[in-house]
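The data block below is data-v7.cif; it holds mmCIF, C-alpha atoms (C1' of nucleotides).
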```
data_entry
#
loop_
_atom_site.label_atom_id
_atom_site.label_comp_id
_atom_site.auth_asym_id
_atom_site.auth_seq_id
_atom_site.Cartn_x
_atom_site.Cartn_y
_atom_site.Cartn_z
CA MET A 1316 -28.12 -8.60 20.85
CA VAL A 1317 -26.01 -7.09 18.09
CA GLU A 1318 -25.63 -4.14 20.41
CA LYS A 1319 -24.59 -6.47 23.17
CA GLU A 1320 -22.02 -8.21 21.02
CA LYS A 1321 -20.51 -4.92 20.03
CA LYS A 1322 -20.22 -3.81 23.63
CA ASP A 1323 -18.50 -7.07 24.53
CA LEU A 1324 -16.10 -6.63 21.66
CA VAL A 1325 -15.28 -3.10 22.76
CA GLU A 1326 -14.58 -4.38 26.26
CA GLU A 1327 -12.38 -7.11 24.84
CA TYR A 1328 -10.40 -4.59 22.82
CA LEU A 1329 -9.93 -2.29 25.78
CA LYS A 1330 -8.93 -5.20 27.98
CA THR A 1331 -6.28 -6.25 25.49
CA LEU A 1332 -4.92 -2.72 25.34
CA LYS A 1333 -4.74 -2.54 29.10
CA GLU A 1334 -3.00 -5.89 29.40
CA ARG A 1335 -0.32 -4.67 27.07
CA GLY A 1336 0.25 -1.64 29.25
CA PHE A 1337 -1.52 0.93 27.11
CA ARG A 1338 -3.67 3.54 28.79
CA LEU A 1339 -7.40 3.57 28.19
CA THR A 1340 -7.83 7.14 27.05
CA ASN A 1341 -11.09 8.66 25.96
CA GLN A 1342 -9.75 9.06 22.43
CA ARG A 1343 -8.80 5.41 22.13
CA LYS A 1344 -12.20 4.37 23.41
CA ILE A 1345 -13.97 6.52 20.84
CA ILE A 1346 -11.80 5.27 18.01
CA ILE A 1347 -12.35 1.64 18.98
CA GLU A 1348 -16.09 2.16 19.40
CA THR A 1349 -16.25 3.84 16.03
CA LEU A 1350 -14.37 1.03 14.32
CA LEU A 1351 -16.49 -1.63 15.98
CA GLY A 1352 -19.68 0.30 15.34
CA ASN A 1353 -19.01 0.48 11.62
CA ILE A 1354 -17.82 -3.00 10.79
CA GLY A 1355 -17.98 -3.50 7.07
CA SER A 1356 -17.38 0.13 6.20
CA HIS A 1357 -13.60 -0.09 5.69
CA PRO A 1358 -12.79 3.56 6.41
CA ASN A 1359 -9.46 5.17 5.70
CA ALA A 1360 -7.75 7.46 8.20
CA GLN A 1361 -9.62 10.59 7.12
CA GLU A 1362 -13.00 8.92 7.14
CA LEU A 1363 -12.35 7.40 10.53
CA LEU A 1364 -11.25 10.77 11.91
CA LYS A 1365 -14.40 12.39 10.62
CA LYS A 1366 -16.61 9.84 12.37
CA VAL A 1367 -14.60 10.12 15.55
CA GLN A 1368 -14.84 13.90 15.51
CA GLU A 1369 -18.61 13.62 15.48
CA ILE A 1370 -18.18 12.38 19.05
CA ASP A 1371 -15.18 14.50 20.05
CA PRO A 1372 -14.12 17.18 17.56
CA SER A 1373 -10.82 17.76 19.36
CA VAL A 1374 -9.33 14.41 18.36
CA GLY A 1375 -6.44 14.79 15.94
CA ILE A 1376 -5.38 12.75 12.95
CA ALA A 1377 -2.13 11.76 14.66
CA THR A 1378 -4.05 10.00 17.41
CA VAL A 1379 -6.04 8.11 14.82
CA TYR A 1380 -2.86 6.92 13.15
CA ARG A 1381 -1.22 6.07 16.45
CA THR A 1382 -4.21 4.08 17.69
CA VAL A 1383 -4.66 2.29 14.43
CA GLU A 1384 -0.98 1.34 14.46
CA ILE A 1385 -1.26 -0.15 17.93
CA LEU A 1386 -4.40 -2.10 17.11
CA SER A 1387 -2.85 -3.35 13.92
CA GLN A 1388 0.30 -4.49 15.71
CA MET A 1389 -1.78 -6.43 18.20
CA GLY A 1390 -3.74 -8.13 15.45
CA LEU A 1391 -6.95 -6.30 16.38
CA LEU A 1392 -7.16 -4.45 13.09
CA ASN A 1393 -6.26 -5.27 9.51
CA LEU A 1394 -4.95 -2.87 6.92
CA MET A 1395 -6.45 -3.15 3.46
CA ASN A 1396 -4.55 -2.02 0.41
CA LEU A 1397 -6.68 -1.47 -2.66
CA GLU A 1398 -3.93 0.36 -4.53
CA GLU A 1399 -5.61 3.65 -3.83
CA GLY A 1400 -2.55 5.29 -2.35
CA PHE A 1401 -3.75 4.93 1.24
CA ASN A 1402 -4.83 2.24 3.67
CA ARG A 1403 -8.28 1.24 4.78
CA PHE A 1404 -8.97 -0.35 8.14
CA GLU A 1405 -10.93 -3.46 8.84
CA ILE A 1406 -11.86 -5.23 12.04
CA PRO A 1407 -10.82 -8.82 11.51
CA GLY A 1408 -13.97 -10.91 11.38
CA LYS A 1409 -14.42 -14.35 12.78
CA THR A 1410 -14.26 -15.55 9.22
CA MET A 1411 -12.11 -14.41 6.36
CA HIS A 1412 -13.42 -12.59 3.34
CA PHE A 1413 -12.73 -13.12 -0.31
CA HIS A 1414 -13.18 -10.44 -2.95
CA THR A 1415 -12.35 -10.15 -6.60
CA PHE A 1416 -11.09 -6.79 -7.72
CA CYS A 1417 -11.15 -5.81 -11.38
CA LYS A 1418 -7.82 -4.29 -12.19
CA TYR A 1419 -9.35 -2.24 -15.00
CA CYS A 1420 -12.57 -0.76 -13.69
CA GLY A 1421 -12.01 -1.29 -9.94
CA LYS A 1422 -15.20 -3.27 -9.48
CA ILE A 1423 -15.26 -5.41 -6.32
CA LEU A 1424 -17.32 -8.59 -6.00
CA HIS A 1425 -17.72 -10.75 -2.91
CA LEU A 1426 -17.21 -14.47 -3.22
CA ASN A 1427 -19.52 -17.05 -1.67
CA ASN A 1428 -18.76 -19.99 0.60
CA GLU A 1429 -16.15 -18.09 2.53
CA LYS A 1430 -15.96 -20.62 5.32
CA GLU A 1431 -14.99 -23.31 2.85
CA LYS A 1432 -12.32 -21.12 1.29
CA GLU A 1433 -11.01 -20.14 4.68
CA ASP A 1434 -10.55 -23.80 5.62
CA MET A 1435 -8.69 -24.31 2.39
CA VAL A 1436 -6.29 -21.44 3.05
CA LYS A 1437 -5.76 -22.66 6.59
CA LYS A 1438 -4.82 -26.05 5.22
CA TRP A 1439 -2.42 -24.40 2.78
CA ILE A 1440 -0.38 -22.76 5.46
CA GLU A 1441 -0.38 -25.71 7.84
CA GLU A 1442 2.95 -26.86 6.41
CA THR A 1443 4.56 -23.61 7.49
CA GLY A 1444 3.43 -23.78 11.10
CA PHE A 1445 1.90 -20.32 10.74
CA LYS A 1446 -1.28 -19.48 12.61
CA ILE A 1447 -3.59 -17.59 10.31
CA ILE A 1448 -4.96 -14.14 11.03
CA PRO A 1449 -8.51 -13.59 9.76
CA GLN A 1450 -8.13 -11.31 6.77
CA THR A 1451 -9.64 -10.21 3.51
CA PHE A 1452 -8.19 -11.42 0.25
CA GLU A 1453 -8.38 -9.20 -2.78
CA ILE A 1454 -7.97 -11.35 -5.85
CA SER A 1455 -7.01 -9.22 -8.83
CA GLY A 1456 -8.61 -10.06 -12.10
CA ILE A 1457 -10.37 -8.72 -15.15
CA CYS A 1458 -14.13 -8.58 -14.99
CA SER A 1459 -16.13 -9.97 -17.88
CA GLU A 1460 -17.04 -6.56 -19.30
CA CYS A 1461 -13.45 -5.34 -19.39
CA ALA A 1462 -12.25 -8.70 -20.69
CA GLU A 1463 -14.74 -8.41 -23.52
CA ASP A 1464 -13.50 -4.96 -24.45
CA ILE A 1465 -9.94 -6.16 -24.45
CA GLU A 1466 -10.82 -9.22 -26.49
CA LYS A 1467 -12.56 -7.09 -29.09
CA GLY A 1468 -9.51 -4.89 -29.21
CA ASP A 1469 -11.74 -2.06 -28.07
CA GLU A 1470 -10.65 0.72 -25.86
CA LEU A 1471 -11.56 0.12 -22.26
CA ILE A 1472 -14.45 2.11 -20.96
CA CYS A 1473 -14.79 3.76 -17.59
CA ARG A 1474 -17.34 1.98 -15.43
CA CYS A 1475 -16.86 4.02 -12.30
CA PRO A 1476 -20.08 4.84 -10.44
CA SER A 1477 -19.98 8.44 -11.60
CA PRO A 1478 -17.69 8.50 -14.57
CA ASN A 1479 -15.21 11.29 -14.87
CA PRO A 1480 -15.12 12.81 -18.34
CA THR A 1481 -11.34 12.74 -18.28
CA CYS A 1482 -10.94 9.23 -16.90
CA ARG A 1483 -8.45 7.34 -18.99
CA TYR A 1484 -10.82 4.41 -19.23
CA ARG A 1485 -13.42 6.61 -20.81
CA LYS A 1486 -11.31 7.34 -23.82
CA GLY A 1487 -9.10 4.31 -23.71
CA PHE A 1488 -5.68 3.98 -22.28
CA GLY A 1489 -2.80 5.37 -24.24
CA PRO A 1490 -1.14 8.58 -25.37
CA GLY A 1491 -3.50 11.39 -26.23
CA LYS A 1492 -6.48 9.46 -24.91
CA GLY A 1493 -7.29 11.28 -21.70
CA LYS A 1494 -5.82 10.83 -18.30
CA CYS A 1495 -6.84 10.66 -14.69
CA ARG A 1496 -4.88 11.37 -11.54
CA MET A 1497 -5.74 8.38 -9.44
CA ARG A 1498 -5.06 4.75 -10.10
CA TRP A 1499 -8.46 3.93 -11.51
CA CYS A 1500 -10.44 7.10 -11.81
CA ASN A 1501 -10.79 10.35 -9.93
CA SER A 1502 -14.52 10.53 -10.37
CA ASN A 1503 -14.91 10.04 -6.65
CA ASP A 1504 -12.94 13.15 -5.76
CA MET B 147 17.47 -20.84 -23.62
CA VAL B 148 16.62 -18.79 -20.58
CA GLU B 149 18.35 -15.93 -22.37
CA LYS B 150 16.22 -16.57 -25.40
CA GLU B 151 13.00 -16.64 -23.41
CA LYS B 152 13.83 -13.34 -21.79
CA LYS B 153 14.52 -11.73 -25.15
CA ASP B 154 11.18 -12.95 -26.46
CA LEU B 155 9.44 -11.58 -23.41
CA VAL B 156 11.11 -8.21 -23.87
CA GLU B 157 9.96 -8.18 -27.48
CA GLU B 158 6.46 -9.07 -26.38
CA TYR B 159 6.40 -6.23 -23.88
CA LEU B 160 7.68 -3.71 -26.40
CA LYS B 161 5.21 -4.91 -29.00
CA THR B 162 2.33 -4.44 -26.56
CA LEU B 163 3.51 -0.93 -25.74
CA LYS B 164 3.73 -0.07 -29.41
CA GLU B 165 0.29 -1.45 -30.16
CA ARG B 166 -1.16 0.80 -27.52
CA GLY B 167 0.46 3.81 -29.13
CA PHE B 168 3.33 4.28 -26.69
CA ARG B 169 6.75 5.16 -28.02
CA LEU B 170 9.60 2.75 -27.64
CA THR B 171 12.13 4.97 -25.94
CA ASN B 172 15.51 3.86 -24.81
CA GLN B 173 14.53 4.42 -21.18
CA ARG B 174 11.47 2.24 -21.45
CA LYS B 175 13.50 -0.49 -23.10
CA ILE B 176 16.07 -0.42 -20.30
CA ILE B 177 13.43 -0.48 -17.60
CA ILE B 178 11.62 -3.39 -19.18
CA GLU B 179 14.85 -5.30 -19.75
CA THR B 180 15.85 -4.70 -16.15
CA LEU B 181 12.51 -5.91 -14.82
CA LEU B 182 12.56 -8.99 -17.02
CA GLY B 183 16.21 -9.64 -16.28
CA ASN B 184 15.59 -9.70 -12.55
CA ILE B 185 12.43 -11.73 -12.23
CA GLY B 186 12.01 -12.82 -8.65
CA SER B 187 13.81 -9.84 -7.15
CA HIS B 188 10.69 -7.72 -6.46
CA PRO B 189 12.42 -4.32 -6.54
CA ASN B 190 10.82 -1.11 -5.35
CA ALA B 191 11.11 2.12 -7.34
CA GLN B 192 14.46 3.11 -5.85
CA GLU B 193 16.02 -0.30 -6.37
CA LEU B 194 14.75 -0.45 -9.92
CA LEU B 195 16.11 3.02 -10.64
CA LYS B 196 19.51 2.04 -9.30
CA LYS B 197 19.69 -1.02 -11.57
CA VAL B 198 18.50 1.01 -14.53
CA GLN B 199 21.08 3.70 -13.88
CA GLU B 200 23.82 1.10 -14.11
CA ILE B 201 22.92 1.02 -17.82
CA ASP B 202 22.01 4.69 -18.25
CA PRO B 203 22.74 6.98 -15.31
CA SER B 204 20.68 9.79 -16.78
CA VAL B 205 17.34 8.04 -16.25
CA GLY B 206 15.21 9.78 -13.64
CA ILE B 207 12.91 8.40 -10.98
CA ALA B 208 9.89 10.00 -12.63
CA THR B 209 10.42 7.92 -15.74
CA VAL B 210 10.59 4.78 -13.65
CA TYR B 211 7.28 5.62 -12.00
CA ARG B 212 5.69 6.58 -15.29
CA THR B 213 6.80 3.40 -17.03
CA VAL B 214 5.81 1.21 -14.13
CA GLU B 215 2.37 2.82 -14.11
CA ILE B 216 1.86 2.12 -17.79
CA LEU B 217 3.00 -1.49 -17.50
CA SER B 218 0.82 -1.98 -14.49
CA GLN B 219 -2.24 -0.57 -16.24
CA MET B 220 -1.69 -2.93 -19.12
CA GLY B 221 -1.41 -5.91 -16.80
CA LEU B 222 2.26 -6.42 -17.62
CA LEU B 223 3.41 -5.71 -14.08
CA ASN B 224 1.98 -6.37 -10.64
CA LEU B 225 2.34 -4.14 -7.62
CA MET B 226 3.13 -5.88 -4.35
CA ASN B 227 2.20 -4.34 -1.03
CA LEU B 228 4.03 -5.77 1.95
CA GLU B 229 2.91 -3.00 4.27
CA GLU B 230 6.33 -1.44 4.02
CA GLY B 231 5.09 1.96 3.00
CA PHE B 232 5.98 1.55 -0.65
CA ASN B 233 5.25 -0.75 -3.56
CA ARG B 234 7.37 -3.49 -5.03
CA PHE B 235 7.10 -4.56 -8.64
CA GLU B 236 6.69 -8.04 -9.96
CA ILE B 237 6.49 -9.45 -13.46
CA PRO B 238 3.40 -11.63 -13.44
CA GLY B 239 4.56 -15.20 -13.78
CA LYS B 240 2.85 -17.96 -15.69
CA THR B 241 1.83 -19.32 -12.33
CA MET B 242 0.73 -17.51 -9.21
CA HIS B 243 2.74 -17.43 -6.03
CA PHE B 244 1.69 -17.99 -2.47
CA HIS B 245 3.53 -16.64 0.55
CA THR B 246 2.86 -16.49 4.24
CA PHE B 247 3.90 -13.31 5.94
CA CYS B 248 4.36 -13.16 9.71
CA LYS B 249 2.65 -10.04 10.93
CA TYR B 250 4.98 -9.86 13.92
CA CYS B 251 8.48 -10.51 12.66
CA GLY B 252 7.92 -10.01 8.94
CA LYS B 253 9.20 -13.44 7.98
CA ILE B 254 8.10 -14.61 4.54
CA LEU B 255 7.77 -18.29 3.60
CA HIS B 256 6.89 -19.69 0.19
CA LEU B 257 4.18 -22.30 -0.06
CA ASN B 258 4.50 -25.45 -2.14
CA ASN B 259 2.19 -26.88 -4.82
CA GLU B 260 1.44 -23.49 -6.25
CA LYS B 261 -0.13 -24.86 -9.41
CA GLU B 262 -2.69 -26.73 -7.35
CA LYS B 263 -3.52 -23.64 -5.29
CA GLU B 264 -3.75 -21.54 -8.40
CA ASP B 265 -6.31 -23.90 -9.90
CA MET B 266 -8.28 -23.66 -6.67
CA VAL B 267 -8.32 -19.86 -6.72
CA LYS B 268 -9.32 -19.88 -10.38
CA LYS B 269 -12.23 -22.12 -9.51
CA TRP B 270 -13.22 -19.75 -6.71
CA ILE B 271 -13.65 -16.78 -8.98
CA GLU B 272 -15.34 -18.68 -11.80
CA GLU B 273 -18.74 -17.72 -10.39
CA THR B 274 -17.91 -14.04 -10.85
CA GLY B 275 -16.94 -14.30 -14.48
CA PHE B 276 -13.62 -12.65 -13.67
CA LYS B 277 -10.51 -13.69 -15.55
CA ILE B 278 -7.67 -14.05 -13.09
CA ILE B 279 -4.42 -12.13 -13.34
CA PRO B 280 -1.38 -14.12 -12.21
CA GLN B 281 -0.43 -12.61 -8.89
CA THR B 282 1.25 -13.23 -5.59
CA PHE B 283 -0.81 -13.82 -2.48
CA GLU B 284 0.54 -12.71 0.84
CA ILE B 285 -1.27 -14.59 3.56
CA SER B 286 -0.86 -12.81 6.89
CA GLY B 287 -0.32 -14.97 9.90
CA ILE B 288 1.74 -15.51 13.00
CA CYS B 289 4.79 -17.71 12.66
CA SER B 290 5.33 -20.48 15.17
CA GLU B 291 8.09 -18.65 17.05
CA CYS B 292 6.05 -15.50 17.53
CA ALA B 293 2.95 -17.53 18.38
CA GLU B 294 4.96 -19.30 21.06
CA ASP B 295 6.08 -16.03 22.58
CA ILE B 296 2.55 -14.74 22.61
CA GLU B 297 1.26 -17.98 24.10
CA LYS B 298 3.84 -17.82 26.88
CA GLY B 299 2.84 -14.25 27.50
CA ASP B 300 6.39 -13.28 26.63
CA GLU B 301 7.30 -10.11 24.93
CA LEU B 302 7.79 -10.57 21.22
CA ILE B 303 11.37 -10.57 20.08
CA CYS B 304 12.78 -9.01 16.94
CA ARG B 305 13.75 -11.68 14.42
CA CYS B 306 14.78 -9.40 11.61
CA PRO B 307 17.87 -10.49 9.70
CA SER B 308 19.98 -7.77 11.26
CA PRO B 309 18.10 -6.68 14.36
CA ASN B 310 17.90 -3.05 15.21
CA PRO B 311 18.65 -2.38 18.88
CA THR B 312 15.66 -0.09 19.12
CA CYS B 313 13.21 -2.31 17.27
CA ARG B 314 10.00 -2.59 19.23
CA TYR B 315 10.04 -6.35 18.84
CA ARG B 316 13.41 -6.52 20.52
CA LYS B 317 12.12 -5.17 23.77
CA GLY B 318 8.52 -6.16 23.38
CA PHE B 319 5.65 -4.11 22.11
CA GLY B 320 4.10 -1.63 24.45
CA PRO B 321 4.74 1.67 26.21
CA GLY B 322 8.27 2.26 27.35
CA LYS B 323 9.50 -0.81 25.57
CA GLY B 324 11.42 0.59 22.65
CA LYS B 325 10.20 1.77 19.32
CA CYS B 326 11.09 1.64 15.67
CA ARG B 327 10.24 3.91 12.79
CA MET B 328 9.16 1.44 10.19
CA ARG B 329 6.26 -0.93 10.31
CA TRP B 330 8.25 -3.96 11.33
CA CYS B 331 11.78 -2.90 11.94
CA ASN B 332 14.12 -0.34 10.48
CA SER B 333 17.16 -2.58 10.70
CA ASN B 334 17.29 -2.65 6.91
CA ASP B 335 17.76 1.10 6.59
"C1'" DT C 824 8.00 18.17 -38.15
"C1'" DT C 825 5.07 16.69 -34.54
"C1'" DC C 826 3.82 15.37 -30.27
"C1'" DG C 827 4.76 12.03 -26.83
"C1'" DG C 828 8.52 11.31 -23.46
"C1'" DT C 829 12.16 12.83 -20.32
"C1'" DG C 830 14.76 14.96 -16.41
"C1'" DC C 831 14.49 18.11 -13.02
"C1'" DA C 832 12.61 20.26 -9.29
"C1'" DA C 833 8.58 21.48 -7.08
"C1'" DA C 834 4.22 19.79 -5.50
"C1'" DC C 835 1.32 16.53 -3.33
"C1'" DT C 836 -0.44 13.28 0.00
"C1'" DA C 837 -0.50 9.83 3.43
"C1'" DT C 838 1.78 9.09 7.40
"C1'" DT C 839 5.11 9.97 11.22
"C1'" DT C 840 7.32 12.63 14.73
"C1'" DG C 841 9.13 16.43 18.13
"C1'" DC C 842 7.46 18.92 21.71
"C1'" DA C 843 4.86 21.24 25.17
"C1'" DT C 844 0.94 20.03 27.62
"C1'" DC C 845 -2.60 16.91 29.41
"C1'" DA C 846 -4.44 13.21 32.06
"C1'" DA C 847 -4.64 8.00 33.29
"C1'" DA C 848 -3.10 5.21 36.84
"C1'" DT D 583 3.12 12.14 41.07
"C1'" DT D 584 4.71 9.79 37.20
"C1'" DT D 585 4.97 8.95 32.67
"C1'" DG D 586 2.29 7.54 28.71
"C1'" DA D 587 -0.90 9.99 25.42
"C1'" DT D 588 -2.48 13.95 22.82
"C1'" DG D 589 -2.85 17.90 19.51
"C1'" DC D 590 -0.48 20.68 16.76
"C1'" DA D 591 2.60 21.73 13.35
"C1'" DA D 592 6.58 20.48 11.10
"C1'" DA D 593 8.97 16.78 8.97
"C1'" DT D 594 9.17 12.53 6.06
"C1'" DA D 595 8.90 9.73 2.17
"C1'" DG D 596 6.82 7.72 -1.71
"C1'" DT D 597 4.82 9.27 -5.67
"C1'" DT D 598 3.03 12.66 -9.08
"C1'" DT D 599 3.26 16.66 -11.94
"C1'" DG D 600 4.48 21.25 -14.50
"C1'" DC D 601 7.55 22.65 -17.72
"C1'" DA D 602 11.17 23.35 -21.00
"C1'" DC D 603 13.66 20.54 -23.87
"C1'" DC D 604 14.51 16.11 -26.38
"C1'" DG D 605 13.86 12.53 -29.75
"C1'" DA D 606 10.83 8.58 -31.89
"C1'" DA D 607 7.93 8.07 -35.65
#
```
Would it be possible to restate this file's structure as structure tokens?
Amino acid sequence: MVEKEKKDLVEEYLKTLKERGFRLTNQRKIIIETLLGNIGSHPNAQELLKKVQEIDPSVGIATVYRTVEILSQMGLLNLMNLEEGFNRFEIPGKTMHFHTFCKYCGKILHLNNEKEKEDMVKKWIEETGFKIIPQTFEISGICSECAEDIEKGDELICRCPSPNPTCRYRKGFGPGKGKCRMRWCNSND
Amino acid sequence: MVEKEKKDLVEEYLKTLKERGFRLTNQRKIIIETLLGNIGSHPNAQELLKKVQEIDPSVGIATVYRTVEILSQMGLLNLMNLEEGFNRFEIPGKTMHFHTFCKYCGKILHLNNEKEKEDMVKKWIEETGFKIIPQTFEISGICSECAEDIEKGDELICRCPSPNPTCRYRKGFGPGKGKCRMRWCNSND
DNA sequence: TTCGGTGCAAACTATTTGCATCAAA
DNA sequence: TTTGATGCAAATAGTTTGCACCGAA
């Protein structure tokens, strides 16, 4: 049944494209199928390309960007910005999602009772006459561990999954205390 | 008194920098004063540089980026992403801000009762143990005018402040219907 | 006097675009 | 047959970085 739902969704996406006058190319089909087949994975352009090339290695990055742009403009795809220097893509769900994002260690937690929160946000924007687009909210904060370090006056400590020895959070943040290239840590490179 | 408050804030910012071991250079002072003297303007790097160069024309863009990065890491500055292809900077206020952002025409509206909404969001993340950072929420949606067009099956129409004749929203979105370089419209270029 | 900070230009990286060619309709 | 779509490579644009010199502490 999950399989069925996905197929329906793909059809729906293709139908929308067609209605708008876009051609249903093989590349677009693969990209859409890949996106819909990996809901929850939030790929960036490179990751999406890689998956797509498993089906058809001849697809180019430009086509990925062009397709993603179209889908995004039609409200069929959301862009996520996690301050990583690039975008991630997300199929808008039926419900919205709510995350907290620790500004210091990058940790992401999912909030509960999303339906309830979604209703609340919908009510918020009623006064504007806007119709909401299902989306994911990233609420920036400081997680309890980092907050504790800061409170104690301690140097922050890198909590990335595989800490980089030169991550600035490993040795604290400040002059002469180590440095990393990316916003949070480059241990994932 | 507003003048006084700003001066205090500047002092606070400089003190925090110093405590972390950063040097209080003239450039950093100017950048911080400019940011704190233009709260609510949400400049990007270029705009900030321009303002800063009105005080000291010798300041370079690299220094702006480096300073902004430091402030951001210390929680003294928020980055805003409006899907424009670059970041805007924002001094975190005492209260959070809530905007709706029309995904089709780019219109931004401010919501009312921000304090109330802020309390709500704080309550949301209580369960995670996160401490919230004052921030601005951009809630993506479709404004009533664009929704109407879509409902009618009409082509969307560009509603940018100074419409670009080639904006895709001017002639509708789809093949052979005009095109613009930027995400929404390049009429601001 | 010592390093951290700066300006400059070069490098980098995600994304966009021009163009010849391909293929959906 | 028409014209939108693609792949490639080159171009963009925001941001970062190497380096020689400068200046805060």
List every residue of chain B that has an atom at most 9 Å from any atom of chain D, giving for each one its closest atom pair and the distance in Å to one decimal, counting only C-alpha atoms (C1' of nucleotides), sorted by chain and then by ascending residue number, as a Markdown table.
```
| residue | atom | partner | partner_atom | distance |
| --- | --- | --- | --- | --- |
| B:Arg169 | CA | D:DA606 | C1' | 6.6 |
| B:Leu170 | CA | D:DA606 | C1' | 7.3 |
| B:Thr171 | CA | D:DA606 | C1' | 7.1 |
| B:Ala208 | CA | D:DT598 | C1' | 8.2 |
| B:Tyr211 | CA | D:DT597 | C1' | 7.7 |
| B:Gly231 | CA | D:DG596 | C1' | 7.6 |
| B:Phe232 | CA | D:DG596 | C1' | 6.3 |
| B:Asn233 | CA | D:DG596 | C1' | 8.8 |
| B:Pro321 | CA | D:DG586 | C1' | 6.8 |
| B:Gly322 | CA | D:DG586 | C1' | 8.1 |
```
Next item on the list: Report as a list in words the set of chain B residues whose atoms approach chain A to within 7 Å, with distances computed over only C-alpha atoms.
Entry: Arg166, Gly167, Phe168, Gly275, Phe276, Lys277, Ile278, Ile279, Ser286, Gly287, Ile288, Cys289, Ser290, Gly320 and Pro321 of chain B
Could you please take those selected residues and save C-alpha atoms as a PDB file, in the frame of the given file?
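Writing the result to out17.pdb gives the following:
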```pdb
ATOM      1  CA  ARG B 166      -1.160   0.800 -27.520  1.00  0.00           C
ATOM      2  CA  GLY B 167       0.460   3.810 -29.130  1.00  0.00           C
ATOM      3  CA  PHE B 168       3.330   4.280 -26.690  1.00  0.00           C
ATOM      4  CA  GLY B 275     -16.940 -14.300 -14.480  1.00  0.00           C
ATOM      5  CA  PHE B 276     -13.620 -12.650 -13.670  1.00  0.00           C
ATOM      6  CA  LYS B 277     -10.510 -13.690 -15.550  1.00  0.00           C
ATOM      7  CA  ILE B 278      -7.670 -14.050 -13.090  1.00  0.00           C
ATOM      8  CA  ILE B 279      -4.420 -12.130 -13.340  1.00  0.00           C
ATOM      9  CA  SER B 286      -0.860 -12.810   6.890  1.00  0.00           C
ATOM     10  CA  GLY B 287      -0.320 -14.970   9.900  1.00  0.00           C
ATOM     11  CA  ILE B 288       1.740 -15.510  13.000  1.00  0.00           C
ATOM     12  CA  CYS B 289       4.790 -17.710  12.660  1.00  0.00           C
ATOM     13  CA  SER B 290       5.330 -20.480  15.170  1.00  0.00           C
ATOM     14  CA  GLY B 320       4.100  -1.630  24.450  1.00  0.00           C
ATOM     15  CA  PRO B 321       4.740   1.670  26.210  1.00  0.00           C
TER      16      PRO B 321
END
```
Notebook entry, point to check: Which residue out of B:Gln199, B:Leu223, B:Lys164, B:Gln173 has the minimum interatomic distance to chain C when all atoms listed in the file are used?
Noted result: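 Closest residue, counting all atoms listed in the file: B:Gln173.
One finds CA of Ser187 in chain B at 20.0 Å from CA of Thr209 in chain B.
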Next item on the list: Determine which residues of chain C sit within 8 Å of chain B, taking into account only C-alpha atoms (C1' of nucleotides), and present them as a list of chain:residue names.
Entry: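 My answer is C:DG827, C:DG828, C:DT829, C:DG830.
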Margin query: Just to confirm, what's the straight-line distance from CA of Ile1346 in chain A to CA of Lys1366 in chain A in Å (one decimal)?
Written below: 8.7 Å
Notebook entry, point to check: At what distance in Å, to one decimal, does CA of Asp265 in chain B lie from CA of Lys153 in chain B?
Noted result: 28.5 Å
Save range 824-843 of chain C to disk from that block, C-alpha atoms (C1' of nucleotides) included, as a PDB file, in the first residue's frame.
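Wrote it out as decode03.pdb, contents follow:
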```
ATOM      1  C1'  DT C 824      57.265  42.335  20.771  1.00  0.00           C
ATOM      2  C1'  DT C 825      53.847  39.033  19.671  1.00  0.00           C
ATOM      3  C1'  DC C 826      50.305  37.095  17.375  1.00  0.00           C
ATOM      4  C1'  DG C 827      45.693  37.905  15.996  1.00  0.00           C
ATOM      5  C1'  DG C 828      43.475  40.742  12.380  1.00  0.00           C
ATOM      6  C1'  DT C 829      43.240  42.962   7.857  1.00  0.00           C
ATOM      7  C1'  DG C 830      43.017  43.865   2.785  1.00  0.00           C
ATOM      8  C1'  DC C 831      43.736  41.969  -1.381  1.00  0.00           C
ATOM      9  C1'  DA C 832      43.334  38.728  -4.758  1.00  0.00           C
ATOM     10  C1'  DA C 833      42.856  34.103  -5.712  1.00  0.00           C
ATOM     11  C1'  DA C 834      40.293  30.028  -4.601  1.00  0.00           C
ATOM     12  C1'  DC C 835      36.193  27.560  -3.676  1.00  0.00           C
ATOM     13  C1'  DT C 836      31.534  25.861  -4.082  1.00  0.00           C
ATOM     14  C1'  DA C 837      26.769  25.769  -5.053  1.00  0.00           C
ATOM     15  C1'  DT C 838      24.107  27.067  -8.621  1.00  0.00           C
ATOM     16  C1'  DT C 839      22.947  28.991 -13.245  1.00  0.00           C
ATOM     17  C1'  DT C 840      23.357  29.503 -18.133  1.00  0.00           C
ATOM     18  C1'  DG C 841      24.754  29.386 -23.355  1.00  0.00           C
ATOM     19  C1'  DC C 842      24.722  26.297 -26.861  1.00  0.00           C
ATOM     20  C1'  DA C 843      24.568  22.409 -29.853  1.00  0.00           C
TER      21       DA C 843
END
```
